[in-house]
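For reference, work_37.cif is printed below; it contains mmCIF, C-alpha atoms.
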```cif
data_work
#
loop_
_atom_site.group_PDB
_atom_site.id
_atom_site.type_symbol
_atom_site.label_atom_id
_atom_site.label_comp_id
_atom_site.auth_asym_id
_atom_site.auth_seq_id
_atom_site.Cartn_x
_atom_site.Cartn_y
_atom_site.Cartn_z
ATOM 1 C CA MET A 1 25.838 -18.852 26.551
ATOM 2 C CA ASN A 2 23.482 -21.802 26.550
ATOM 3 C CA ILE A 3 21.215 -21.720 29.626
ATOM 4 C CA GLU A 4 20.329 -25.389 29.320
ATOM 5 C CA GLN A 5 23.998 -26.398 29.161
ATOM 6 C CA LEU A 6 24.884 -24.188 32.127
ATOM 7 C CA ASN A 7 22.142 -25.820 34.191
ATOM 8 C CA SER A 8 23.357 -29.248 33.145
ATOM 9 C CA ASP A 9 26.973 -28.471 34.009
ATOM 10 C CA PHE A 10 26.590 -26.270 37.095
ATOM 11 C CA GLY A 11 22.980 -26.211 38.271
ATOM 12 C CA ILE A 12 22.079 -27.691 41.678
ATOM 13 C CA ALA A 13 18.431 -28.643 42.201
ATOM 14 C CA GLU A 14 16.518 -26.221 44.447
ATOM 15 C CA HIS A 15 19.645 -24.160 45.095
ATOM 16 C CA ILE A 16 21.426 -22.903 41.959
ATOM 17 C CA LYS A 17 19.577 -22.290 38.704
ATOM 18 C CA PHE A 18 20.584 -20.511 35.497
ATOM 19 C CA ILE A 19 17.931 -18.329 33.881
ATOM 20 C CA ALA A 20 17.660 -15.833 31.031
ATOM 21 C CA GLY A 21 17.842 -12.453 32.695
ATOM 22 C CA ALA A 22 17.365 -8.856 31.580
ATOM 23 C CA GLY A 23 18.795 -8.150 28.144
ATOM 24 C CA GLY A 24 19.075 -11.892 27.569
ATOM 25 C CA PHE A 25 22.098 -12.067 29.881
ATOM 26 C CA PRO A 26 22.542 -15.365 31.749
ATOM 27 C CA PHE A 27 21.623 -14.879 35.390
ATOM 28 C CA ILE A 28 22.233 -17.283 38.274
ATOM 29 C CA ARG A 29 19.474 -17.634 40.854
ATOM 30 C CA VAL A 30 20.786 -18.839 44.225
ATOM 31 C CA ASP A 31 18.474 -20.016 47.037
ATOM 32 C CA ASN A 32 19.008 -21.629 50.401
ATOM 33 C CA GLU A 33 17.417 -21.480 53.850
ATOM 34 C CA ARG A 34 19.404 -18.398 54.803
ATOM 35 C CA ALA A 35 19.224 -16.152 51.739
ATOM 36 C CA SER A 36 18.649 -15.721 48.032
ATOM 37 C CA ALA A 37 20.796 -13.972 45.449
ATOM 38 C CA VAL A 38 20.947 -13.124 41.749
ATOM 39 C CA ILE A 39 24.249 -13.036 39.862
ATOM 40 C CA SER A 40 24.889 -11.814 36.310
ATOM 41 C CA VAL A 41 27.437 -13.823 34.309
ATOM 42 C CA TYR A 42 27.930 -10.629 32.296
ATOM 43 C CA GLY A 43 30.238 -8.468 34.371
ATOM 44 C CA GLY A 44 30.793 -11.197 36.963
ATOM 45 C CA GLN A 45 28.400 -9.150 39.055
ATOM 46 C CA ILE A 46 26.123 -9.998 41.949
ATOM 47 C CA LEU A 47 22.913 -7.983 41.527
ATOM 48 C CA SER A 48 20.873 -8.976 44.562
ATOM 49 C CA TYR A 49 21.307 -10.478 48.024
ATOM 50 C CA HIS A 50 18.253 -10.949 50.222
ATOM 51 C CA PRO A 51 18.524 -12.638 53.627
ATOM 52 C CA ALA A 52 15.552 -14.916 54.333
ATOM 53 C CA ASN A 53 14.253 -13.020 57.380
ATOM 54 C CA GLU A 54 14.817 -9.520 56.031
ATOM 55 C CA PRO A 55 12.094 -7.398 54.390
ATOM 56 C CA HIS A 56 14.619 -5.512 52.241
ATOM 57 C CA ASN A 57 17.427 -6.396 49.862
ATOM 58 C CA LEU A 58 20.987 -5.577 50.860
ATOM 59 C CA MET A 59 21.675 -4.107 47.435
ATOM 60 C CA PHE A 60 20.363 -1.337 45.264
ATOM 61 C CA LEU A 61 19.756 -2.094 41.582
ATOM 62 C CA SER A 62 18.587 0.725 39.327
ATOM 63 C CA GLU A 63 15.292 0.265 37.502
ATOM 64 C CA ALA A 64 16.937 2.165 34.628
ATOM 65 C CA ALA A 65 20.082 -0.006 34.510
ATOM 66 C CA TYR A 66 21.486 -0.883 31.091
ATOM 67 C CA TYR A 67 21.657 -4.548 30.119
ATOM 68 C CA GLN A 68 23.697 -4.104 26.967
ATOM 69 C CA SER A 69 27.099 -5.417 25.909
ATOM 70 C CA GLY A 70 29.734 -2.773 26.440
ATOM 71 C CA LYS A 71 27.865 -1.041 29.280
ATOM 72 C CA GLY A 72 28.084 -1.610 33.011
ATOM 73 C CA ILE A 73 25.038 -2.619 35.061
ATOM 74 C CA LYS A 74 24.133 0.125 37.545
ATOM 75 C CA GLY A 75 23.752 -1.523 40.929
ATOM 76 C CA GLY A 76 24.703 -4.628 42.848
ATOM 77 C CA ALA A 77 28.471 -5.043 43.083
ATOM 78 C CA PRO A 78 30.333 -4.162 39.854
ATOM 79 C CA ILE A 79 33.978 -5.249 39.657
ATOM 80 C CA CYS A 80 36.550 -2.517 38.973
ATOM 81 C CA TRP A 81 39.746 -4.163 37.681
ATOM 82 C CA PRO A 82 42.680 -3.931 36.810
ATOM 83 C CA TRP A 83 42.365 -0.261 37.608
ATOM 84 C CA PHE A 84 39.980 1.816 39.670
ATOM 85 C CA GLY A 85 38.821 5.176 38.321
ATOM 86 C CA PRO A 86 40.128 6.815 35.147
ATOM 87 C CA ASP A 87 42.659 5.141 32.858
ATOM 88 C CA PRO A 88 45.924 5.503 34.817
ATOM 89 C CA GLU A 89 47.903 5.847 31.573
ATOM 90 C CA ARG A 90 45.436 8.319 30.034
ATOM 91 C CA ARG A 91 45.189 6.318 26.824
ATOM 92 C CA GLY A 92 41.403 6.554 26.543
ATOM 93 C CA ARG A 93 40.735 3.120 28.001
ATOM 94 C CA PRO A 94 37.469 2.678 29.919
ATOM 95 C CA ALA A 95 37.120 3.938 33.486
ATOM 96 C CA HIS A 96 37.261 1.208 36.130
ATOM 97 C CA GLY A 97 38.922 -1.276 33.771
ATOM 98 C CA PHE A 98 37.314 -3.752 31.415
ATOM 99 C CA VAL A 99 36.006 -6.768 33.353
ATOM 100 C CA ARG A 100 32.627 -5.283 34.288
ATOM 101 C CA THR A 101 31.666 -5.303 30.605
ATOM 102 C CA ARG A 102 32.812 -8.849 29.749
ATOM 103 C CA PHE A 103 31.077 -12.193 29.956
ATOM 104 C CA TRP A 104 32.753 -14.311 32.635
ATOM 105 C CA ASN A 105 32.974 -18.093 32.742
ATOM 106 C CA VAL A 106 31.225 -20.200 35.356
ATOM 107 C CA THR A 107 33.973 -22.392 36.806
ATOM 108 C CA LYS A 108 32.440 -23.956 39.914
ATOM 109 C CA THR A 109 29.269 -24.231 41.998
ATOM 110 C CA GLY A 110 28.633 -26.087 45.232
ATOM 111 C CA ILE A 111 26.930 -26.343 48.602
ATOM 112 C CA ASN A 112 29.011 -26.039 51.770
ATOM 113 C CA PRO A 113 28.436 -28.439 54.698
ATOM 114 C CA ASP A 114 26.610 -25.622 56.525
ATOM 115 C CA GLY A 115 24.216 -25.140 53.590
ATOM 116 C CA ASP A 116 25.758 -21.978 52.156
ATOM 117 C CA CYS A 117 25.870 -21.833 48.360
ATOM 118 C CA GLN A 118 29.045 -21.069 46.438
ATOM 119 C CA VAL A 119 29.434 -19.814 42.877
ATOM 120 C CA THR A 120 32.826 -19.123 41.291
ATOM 121 C CA LEU A 121 33.156 -17.075 38.114
ATOM 122 C CA GLY A 122 36.375 -16.634 36.192
ATOM 123 C CA LEU A 123 37.927 -14.533 33.465
ATOM 124 C CA THR A 124 41.230 -14.832 31.655
ATOM 125 C CA GLU A 125 43.013 -12.895 28.946
ATOM 126 C CA SER A 126 41.889 -12.822 25.333
ATOM 127 C CA PRO A 127 43.196 -11.002 22.259
ATOM 128 C CA GLU A 128 40.684 -8.243 23.019
ATOM 129 C CA THR A 129 41.766 -7.771 26.645
ATOM 130 C CA SER A 130 45.453 -8.040 25.731
ATOM 131 C CA ALA A 131 45.025 -5.080 23.396
ATOM 132 C CA ILE A 132 43.755 -3.102 26.393
ATOM 133 C CA TRP A 133 46.016 -4.521 29.128
ATOM 134 C CA PRO A 134 48.926 -6.685 27.831
ATOM 135 C CA HIS A 135 49.246 -9.195 30.668
ATOM 136 C CA LEU A 136 48.409 -12.856 31.249
ATOM 137 C CA PHE A 137 46.032 -13.338 34.149
ATOM 138 C CA ASP A 138 43.419 -15.516 35.794
ATOM 139 C CA LEU A 139 40.769 -13.539 37.638
ATOM 140 C CA SER A 140 38.095 -15.199 39.740
ATOM 141 C CA LEU A 141 35.204 -14.073 41.893
ATOM 142 C CA GLU A 142 34.220 -16.503 44.629
ATOM 143 C CA ILE A 143 30.702 -15.766 45.894
ATOM 144 C CA THR A 144 29.297 -17.356 49.054
ATOM 145 C CA VAL A 145 25.600 -16.857 49.842
ATOM 146 C CA GLY A 146 24.434 -17.591 53.386
ATOM 147 C CA GLU A 147 23.688 -15.596 56.547
ATOM 148 C CA SER A 148 26.179 -13.125 55.134
ATOM 149 C CA LEU A 149 27.371 -12.442 51.595
ATOM 150 C CA ASN A 150 31.063 -13.043 50.984
ATOM 151 C CA LEU A 151 32.880 -11.823 47.856
ATOM 152 C CA GLU A 152 36.475 -12.833 47.191
ATOM 153 C CA LEU A 153 38.193 -11.374 44.124
ATOM 154 C CA VAL A 154 41.375 -13.317 43.306
ATOM 155 C CA THR A 155 43.986 -12.041 40.848
ATOM 156 C CA ARG A 156 46.523 -14.586 39.614
ATOM 157 C CA ASN A 157 49.442 -13.180 37.649
ATOM 158 C CA ARG A 158 50.614 -15.579 34.942
ATOM 159 C CA THR A 159 53.379 -13.377 33.586
ATOM 160 C CA ALA A 160 57.089 -13.545 34.391
ATOM 161 C CA GLN A 161 57.058 -10.025 35.847
ATOM 162 C CA ALA A 162 55.172 -8.374 38.685
ATOM 163 C CA VAL A 163 52.087 -6.380 37.688
ATOM 164 C CA THR A 164 50.514 -3.482 39.558
ATOM 165 C CA ILE A 165 46.736 -3.194 39.855
ATOM 166 C CA THR A 166 44.097 -1.103 41.550
ATOM 167 C CA GLN A 167 40.626 -2.549 42.050
ATOM 168 C CA ALA A 168 37.319 -2.285 43.879
ATOM 169 C CA LEU A 169 34.129 -4.081 44.766
ATOM 170 C CA HIS A 170 31.921 -1.136 43.786
ATOM 171 C CA THR A 171 28.951 -2.180 45.913
ATOM 172 C CA TYR A 172 25.659 -0.248 45.886
ATOM 173 C CA PHE A 173 23.865 -0.594 49.233
ATOM 174 C CA LYS A 174 20.144 0.010 49.456
ATOM 175 C CA VAL A 175 19.195 2.661 52.040
ATOM 176 C CA GLY A 176 15.861 4.050 53.193
ATOM 177 C CA ASP A 177 16.850 7.706 52.893
ATOM 178 C CA ILE A 178 20.378 8.902 52.105
ATOM 179 C CA SER A 179 19.937 11.906 54.399
ATOM 180 C CA GLN A 180 19.285 9.632 57.397
ATOM 181 C CA ILE A 181 22.276 7.293 57.299
ATOM 182 C CA ALA A 182 25.636 7.405 59.052
ATOM 183 C CA ILE A 183 28.767 5.484 58.070
ATOM 184 C CA PHE A 184 31.252 4.461 60.756
ATOM 185 C CA GLY A 185 34.772 3.070 60.483
ATOM 186 C CA MET A 186 36.523 5.981 58.772
ATOM 187 C CA GLN A 187 36.786 8.306 61.766
ATOM 188 C CA GLY A 188 40.132 10.107 61.738
ATOM 189 C CA ALA A 189 41.138 8.729 58.340
ATOM 190 C CA GLU A 190 42.520 10.909 55.577
ATOM 191 C CA TYR A 191 40.524 10.997 52.354
ATOM 192 C CA VAL A 192 40.912 12.352 48.852
ATOM 193 C CA ASP A 193 37.922 14.565 48.101
ATOM 194 C CA LYS A 194 37.293 14.130 44.377
ATOM 195 C CA THR A 195 34.517 16.736 44.478
ATOM 196 C CA ASP A 196 37.032 19.349 45.684
ATOM 197 C CA ASN A 197 39.976 19.049 43.270
ATOM 198 C CA GLY A 198 41.432 16.003 45.028
ATOM 199 C CA ILE A 199 42.282 17.880 48.220
ATOM 200 C CA VAL A 200 43.296 15.548 51.057
ATOM 201 C CA LYS A 201 41.133 16.036 54.153
ATOM 202 C CA ALA A 202 40.565 14.286 57.490
ATOM 203 C CA GLN A 203 37.297 12.650 58.487
ATOM 204 C CA ALA A 204 35.847 13.957 61.755
ATOM 205 C CA GLY A 205 33.268 11.570 63.237
ATOM 206 C CA ALA A 206 30.799 9.496 61.238
ATOM 207 C CA ILE A 207 30.133 10.185 57.565
ATOM 208 C CA THR A 208 26.745 11.744 56.791
ATOM 209 C CA ILE A 209 25.601 12.722 53.308
ATOM 210 C CA ASP A 210 23.806 15.916 52.307
ATOM 211 C CA ARG A 211 25.513 16.607 48.973
ATOM 212 C CA GLU A 212 27.555 14.838 46.273
ATOM 213 C CA VAL A 213 30.190 12.637 47.907
ATOM 214 C CA ASP A 214 33.117 11.025 46.057
ATOM 215 C CA ARG A 215 35.935 10.153 48.440
ATOM 216 C CA ILE A 216 38.829 7.714 48.655
ATOM 217 C CA TYR A 217 39.599 6.947 52.308
ATOM 218 C CA ARG A 218 43.134 5.844 53.204
ATOM 219 C CA ASN A 219 44.249 3.378 55.888
ATOM 220 C CA VAL A 220 40.734 2.584 57.013
ATOM 221 C CA GLN A 221 39.688 0.156 59.712
ATOM 222 C CA ARG A 222 38.949 -3.432 58.722
ATOM 223 C CA GLU A 223 35.230 -2.907 59.353
ATOM 224 C CA GLN A 224 32.787 -0.230 58.284
ATOM 225 C CA VAL A 225 29.154 0.016 59.383
ATOM 226 C CA ILE A 226 26.259 1.753 57.624
ATOM 227 C CA GLU A 227 23.586 2.791 60.147
ATOM 228 C CA ASP A 228 20.211 3.160 58.416
ATOM 229 C CA ALA A 229 17.549 4.814 60.579
ATOM 230 C CA VAL A 230 14.735 4.421 58.034
ATOM 231 C CA LEU A 231 15.231 0.705 57.260
ATOM 232 C CA ASN A 232 16.149 0.178 60.924
ATOM 233 C CA ARG A 233 19.258 -1.869 60.210
ATOM 234 C CA ARG A 234 23.028 -1.889 60.204
ATOM 235 C CA ILE A 235 25.117 -3.141 57.300
ATOM 236 C CA ARG A 236 28.485 -4.424 58.503
ATOM 237 C CA ILE A 237 31.283 -4.539 55.919
ATOM 238 C CA THR A 238 34.349 -6.590 56.848
ATOM 239 C CA ALA A 239 37.275 -6.262 54.446
ATOM 240 C CA ARG A 240 40.494 -8.157 53.916
ATOM 241 C CA GLY A 241 43.377 -7.420 51.537
ATOM 242 C CA SER A 242 42.499 -3.742 51.466
ATOM 243 C CA LYS A 243 43.515 -0.486 53.146
ATOM 244 C CA THR A 244 41.175 1.717 51.132
ATOM 245 C CA ALA A 245 37.454 2.432 51.127
ATOM 246 C CA VAL A 246 35.560 4.550 48.614
ATOM 247 C CA VAL A 247 32.320 6.344 49.495
ATOM 248 C CA TRP A 248 30.146 7.639 46.656
ATOM 249 C CA ASN A 249 26.732 9.175 46.176
ATOM 250 C CA PRO A 250 25.997 11.234 43.051
ATOM 251 C CA TRP A 251 23.372 13.503 44.665
ATOM 252 C CA VAL A 252 20.775 15.451 42.687
ATOM 253 C CA LYS A 253 22.497 16.792 39.554
ATOM 254 C CA ILE A 254 24.517 13.737 38.531
ATOM 255 C CA SER A 255 21.663 11.336 39.316
ATOM 256 C CA ALA A 256 19.414 13.336 36.961
ATOM 257 C CA GLU A 257 22.109 13.374 34.251
ATOM 258 C CA MET A 258 22.781 9.621 34.308
ATOM 259 C CA GLY A 259 20.655 7.685 31.847
ATOM 260 C CA ASP A 260 20.825 4.531 33.946
ATOM 261 C CA LEU A 261 19.564 6.175 37.158
ATOM 262 C CA GLU A 262 16.146 7.603 37.938
ATOM 263 C CA ASP A 263 16.275 11.273 38.921
ATOM 264 C CA ASP A 264 15.758 10.578 42.626
ATOM 265 C CA ASP A 265 17.725 7.313 42.870
ATOM 266 C CA TYR A 266 20.472 9.096 44.804
ATOM 267 C CA LYS A 267 18.135 8.997 47.817
ATOM 268 C CA ARG A 268 18.052 5.197 47.805
ATOM 269 C CA PHE A 269 21.691 4.058 47.768
ATOM 270 C CA VAL A 270 25.187 4.642 48.951
ATOM 271 C CA CYS A 271 28.346 3.009 47.598
ATOM 272 C CA VAL A 272 30.861 1.947 50.225
ATOM 273 C CA GLU A 273 33.537 0.183 48.232
ATOM 274 C CA THR A 274 36.203 -2.212 49.429
ATOM 275 C CA ALA A 275 39.160 -1.167 47.310
ATOM 276 C CA ASN A 276 42.835 -0.985 46.553
ATOM 277 C CA ALA A 277 43.053 2.505 45.113
ATOM 278 C CA ASP A 278 45.014 5.754 45.306
ATOM 279 C CA VAL A 279 48.198 5.015 47.320
ATOM 280 C CA ASP A 280 46.975 1.465 48.044
ATOM 281 C CA ALA A 281 47.977 -0.057 44.687
ATOM 282 C CA VAL A 282 48.776 -3.786 44.783
ATOM 283 C CA GLU A 283 51.870 -5.363 43.241
ATOM 284 C CA VAL A 284 51.071 -8.947 42.265
ATOM 285 C CA PRO A 285 54.340 -10.897 41.961
ATOM 286 C CA ALA A 286 55.219 -13.034 38.953
ATOM 287 C CA ALA A 287 53.247 -16.287 39.173
ATOM 288 C CA GLY A 288 51.665 -14.958 42.382
ATOM 289 C CA GLU A 289 48.197 -13.927 43.474
ATOM 290 C CA SER A 290 46.320 -11.257 45.407
ATOM 291 C CA ARG A 291 42.962 -11.514 47.208
ATOM 292 C CA LEU A 292 40.455 -8.755 47.898
ATOM 293 C CA VAL A 293 37.666 -9.869 50.238
ATOM 294 C CA ALA A 294 34.473 -8.220 51.456
ATOM 295 C CA ASN A 295 31.865 -9.737 53.737
ATOM 296 C CA TYR A 296 28.460 -8.064 54.079
ATOM 297 C CA ARG A 297 26.063 -8.742 56.929
ATOM 298 C CA ILE A 298 22.756 -7.128 57.912
ATOM 299 C CA GLU A 299 22.363 -6.744 61.672
ATOM 300 C CA ARG A 300 19.104 -6.035 63.471
ATOM 301 C CA ASP A 301 17.271 -6.982 66.633
ATOM 302 C CA MET A 302 15.271 -10.093 65.680
ATOM 303 C CA ALA A 303 12.155 -8.944 67.558
ATOM 304 C CA GLU A 304 12.126 -5.838 65.367
ATOM 305 C CA VAL A 305 12.619 -7.947 62.227
ATOM 306 C CA LEU A 306 9.682 -10.246 63.011
ATOM 307 C CA LYS A 307 7.460 -7.295 63.858
ATOM 308 C CA GLU A 308 8.236 -5.585 60.529
ATOM 309 C CA ILE A 309 7.708 -8.777 58.510
ATOM 310 C CA LYS A 310 4.333 -9.306 60.189
ATOM 311 C CA SER A 311 3.264 -5.735 59.355
ATOM 312 C CA LEU A 312 3.997 -6.370 55.670
ATOM 313 C CA GLN A 313 1.898 -9.546 55.453
#
```

Here is the file; what I need is its structure written in the form of structure tokens.
Amino acid sequence: MNIEQLNSDFGIAEHIKFIAGAGGFPFIRVDNERASAVISVYGGQILSYHPANEPHNLMFLSEAAYYQSGKGIKGGAPICWPWFGPDPERRGRPAHGFVRTRFWNVTKTGINPDGDCQVTLGLTESPETSAIWPHLFDLSLEITVGESLNLELVTRNRTAQAVTITQALHTYFKVGDISQIAIFGMQGAEYVDKTDNGIVKAQAGAITIDREVDRIYRNVQREQVIEDAVLNRRIRITARGSKTAVVWNPWVKISAEMGDLEDDDYKRFVCVETANADVDAVEVPAAGESRLVANYRIERDMAEVLKEIKSLQ
């Protein structure tokens, strides 16, 4: 992709700029008065979101992440589509689908009347994707960067038959210390414990993490909140078009085994994923569409924010 042409076609002075990123991938730098963000055209993946008055990024991005064609980028918000998890047909196709390792198209950029920046990326079928998943589709990711970060994944089915998908916004949230967070919004929900042979269990109280966690929560509330005692903040996740949430942290052994994570990276992130997975599969009707939406907002007392910023200066 030609960076100069992308800037000519879609760049907006002082707000949206295309740059050569890691691995030579085209990145989109977004800036406004409220926040900044970095988006990778490869994978259709937001890598960073940093509110203007916050000392810390919302997202975790591994220092050891791969920036190579055919590999996913570890961190930010990877897109799992048209299936979440292992190949549902067990035909050896890649886990979490194929869109996180494809170059997307930039289809639209703009500035809202309130000053928020919008970037829309799109992907459609090709001979290569049709060999993996034989359906006609238009997939888009609508990203809005402002006081909150809004991600809207839109599946448009262009076939004459309904298609069934599972999907997720596989977001990595930066935390101060994994052992000192609590996640609310799943109290009382059933979950599939993938670390315990897929046994279905019930969540009692808030989620805390002191070991490997890989869970699919069913029929969750519309909002989840990550309380972070070390970074002194709350991350509020508001979902739409979803009844499922996935919580993942690899803990010590898997973090050390993954080439695209540092050994102790498990301490610095948690994935709380807005998803349609497990029993929450989505049937997209012929010529119809489905929308999966997640809004992320950092909440803190402003007096505490200003005090922390001053201490860092």

Query raised in the report: Evaluating the PyMOL selection byres ((chain A and resi 76) around 10) on the displayed file yields which residues, as a ChimeraX atom specification?
Result: /A:38-40,45-49,58-62,73-75,77-79,169-174,271

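Take the candidates A:Arg102, A:Arg300, A:Arg91, A:His50 and check each one against Phe25 of chain A using all atoms listed in the file; the shortest distance goes to A:Arg102.
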
Query raised in the report: Written as a PyMOL selection string, what is the full residue list that the PyMOL selection byres ((chain A and resi 140-145) around 10) yields on the file shown?
Result: chain A and resi 30-32+34-37+39+44-46+49-51+79+104-112+115-124+137-139+146-156+291-293+295

Report summary line: In terms of all atoms listed in the file, the residue from A:Tyr296, A:Lys201, A:Tyr266, A:Arg29 at minimal distance from His15 of chain A is A:Arg29

Query - Distance criterion (only C-alpha atoms): nearest to Arg158 of chain A out of A:Gly72, A:Gly176, A:Pro26, A:Pro134 - result: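 Distance minimum relative to Arg158 of chain A lands on A:Pro134.
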
How would you write as a PDB file with C-alpha atoms, in the coordinates of the input the residues that get within 10 Å of (30.8, 4.6, 46.6) in the file's frame, counting only C-alpha atoms?
```pdb
ATOM      1  CA  ALA A 168      37.319  -2.285  43.879  1.00  0.00           C
ATOM      2  CA  LEU A 169      34.129  -4.081  44.766  1.00  0.00           C
ATOM      3  CA  HIS A 170      31.921  -1.136  43.786  1.00  0.00           C
ATOM      4  CA  THR A 171      28.951  -2.180  45.913  1.00  0.00           C
ATOM      5  CA  TYR A 172      25.659  -0.248  45.886  1.00  0.00           C
ATOM      6  CA  PHE A 173      23.865  -0.594  49.233  1.00  0.00           C
ATOM      7  CA  VAL A 213      30.190  12.637  47.907  1.00  0.00           C
ATOM      8  CA  ASP A 214      33.117  11.025  46.057  1.00  0.00           C
ATOM      9  CA  ARG A 215      35.935  10.153  48.440  1.00  0.00           C
ATOM     10  CA  ILE A 216      38.829   7.714  48.655  1.00  0.00           C
ATOM     11  CA  ALA A 245      37.454   2.432  51.127  1.00  0.00           C
ATOM     12  CA  VAL A 246      35.560   4.550  48.614  1.00  0.00           C
ATOM     13  CA  VAL A 247      32.320   6.344  49.495  1.00  0.00           C
ATOM     14  CA  TRP A 248      30.146   7.639  46.656  1.00  0.00           C
ATOM     15  CA  ASN A 249      26.732   9.175  46.176  1.00  0.00           C
ATOM     16  CA  PRO A 250      25.997  11.234  43.051  1.00  0.00           C
ATOM     17  CA  PHE A 269      21.691   4.058  47.768  1.00  0.00           C
ATOM     18  CA  VAL A 270      25.187   4.642  48.951  1.00  0.00           C
ATOM     19  CA  CYS A 271      28.346   3.009  47.598  1.00  0.00           C
ATOM     20  CA  VAL A 272      30.861   1.947  50.225  1.00  0.00           C
ATOM     21  CA  GLU A 273      33.537   0.183  48.232  1.00  0.00           C
ATOM     22  CA  THR A 274      36.203  -2.212  49.429  1.00  0.00           C
TER      23      THR A 274
END
```

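In this structure, atom CA of Pro285 of chain A sits 27.9 Å away from atom CA of Tyr191 of chain A.
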
Query raised in the report: So what do you get for atom CA of Asn2 of chain A versus atom CA of Leu136 of chain A, distance-wise?
Result: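 Atom CA of Leu136 of chain A lies at a distance of 26.9 Å from atom CA of Asn2 of chain A.
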
Requested in this report: Using all atoms listed in the file, find the one residue out of A:Glu63, A:Asp9, A:Glu190, A:Glu128 that sits nearest to Val279 of chain A.
Outcome: A:Glu190

Query raised in the report: Distance atom CA of Tyr66 of chain A-atom CA of Gly23 of chain A, one decimal place?
Result: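 Separation between atom CA of Tyr66 of chain A and atom CA of Gly23 of chain A: 8.3 Å.
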
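The list of residues with at least one atom within 6 Å of Ala281 of chain A, based on all atoms listed in the file and without residues fewer than 5 positions apart in the same chain, reads Ile165, Thr166 and Asn276 of chain A.
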
Requested in this report: Evaluate the PyMOL selection byres ((chain A and resi 202) around 9) and record the selected residues as a list in words, following the chain and residue labels used in the document.
Outcome: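 For this structure, the PyMOL selection byres ((chain A and resi 202) around 9) resolves to Gln187, Gly188, Ala189, Glu190, Tyr191, Val192, Val200, Lys201, Gln203 and Ala204 of chain A.
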
Query raised in the report: With distances taken over only C-alpha atoms, which of A:Phe18, A:Ile181, A:Ile132, A:Glu125 is nearest to Val230 of chain A?
Result: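 Of all the options, A:Ile181 lies closest to Val230 of chain A.
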
Fewer than 4 positions away in the same chain doesn't count, so skip those; otherwise give me all residues within 9 Å of Lys17 of chain A, counting all atoms listed in the file, as a short mmCIF file (atom, residue, chain, number, x, y, z; two decimals) with C-alpha atoms, in the coordinates of the input.
```cif
data_model
loop_
_atom_site.label_atom_id
_atom_site.label_comp_id
_atom_site.auth_asym_id
_atom_site.auth_seq_id
_atom_site.Cartn_x
_atom_site.Cartn_y
_atom_site.Cartn_z
CA LEU A 6 24.88 -24.19 32.13
CA ASN A 7 22.14 -25.82 34.19
CA PHE A 10 26.59 -26.27 37.10
CA GLY A 11 22.98 -26.21 38.27
CA ILE A 12 22.08 -27.69 41.68
CA ALA A 13 18.43 -28.64 42.20
CA PHE A 27 21.62 -14.88 35.39
CA ILE A 28 22.23 -17.28 38.27
CA ARG A 29 19.47 -17.63 40.85
CA VAL A 30 20.79 -18.84 44.22
CA ASP A 31 18.47 -20.02 47.04
#
```

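Near (20.6, 15.3, 46.6), the residues that fall inside 9 Å on the basis of all atoms listed in the file are A:Ile178, A:Ser179, A:Ile209, A:Asp210, A:Arg211, A:Glu212, A:Asn249, A:Pro250, A:Trp251, A:Val252, A:Lys253, A:Ser255, A:Asp264, A:Tyr266, A:Lys267.
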
With all atoms of segment 193-198 of chain A from the file as input, state the centre and edge lengths in Å to one decimal of the axis-aligned box that has 6 Å extra on each side, as AutoDock Vina command-line options.
```
--center_x 38.0 --center_y 16.7 --center_z 45.7 --size_x 18.9 --size_y 17.2 --size_z 16.8
```

Report task. Choose the residue, out of A:Asp278, A:Asp228, A:Asp265, A:Glu33, that has the smallest atom-to-atom separation from Ala52 of chain A; count all atoms listed in the file. Result ->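 Residue with the minimum atom-to-atom distance to Ala52 of chain A: A:Glu33.
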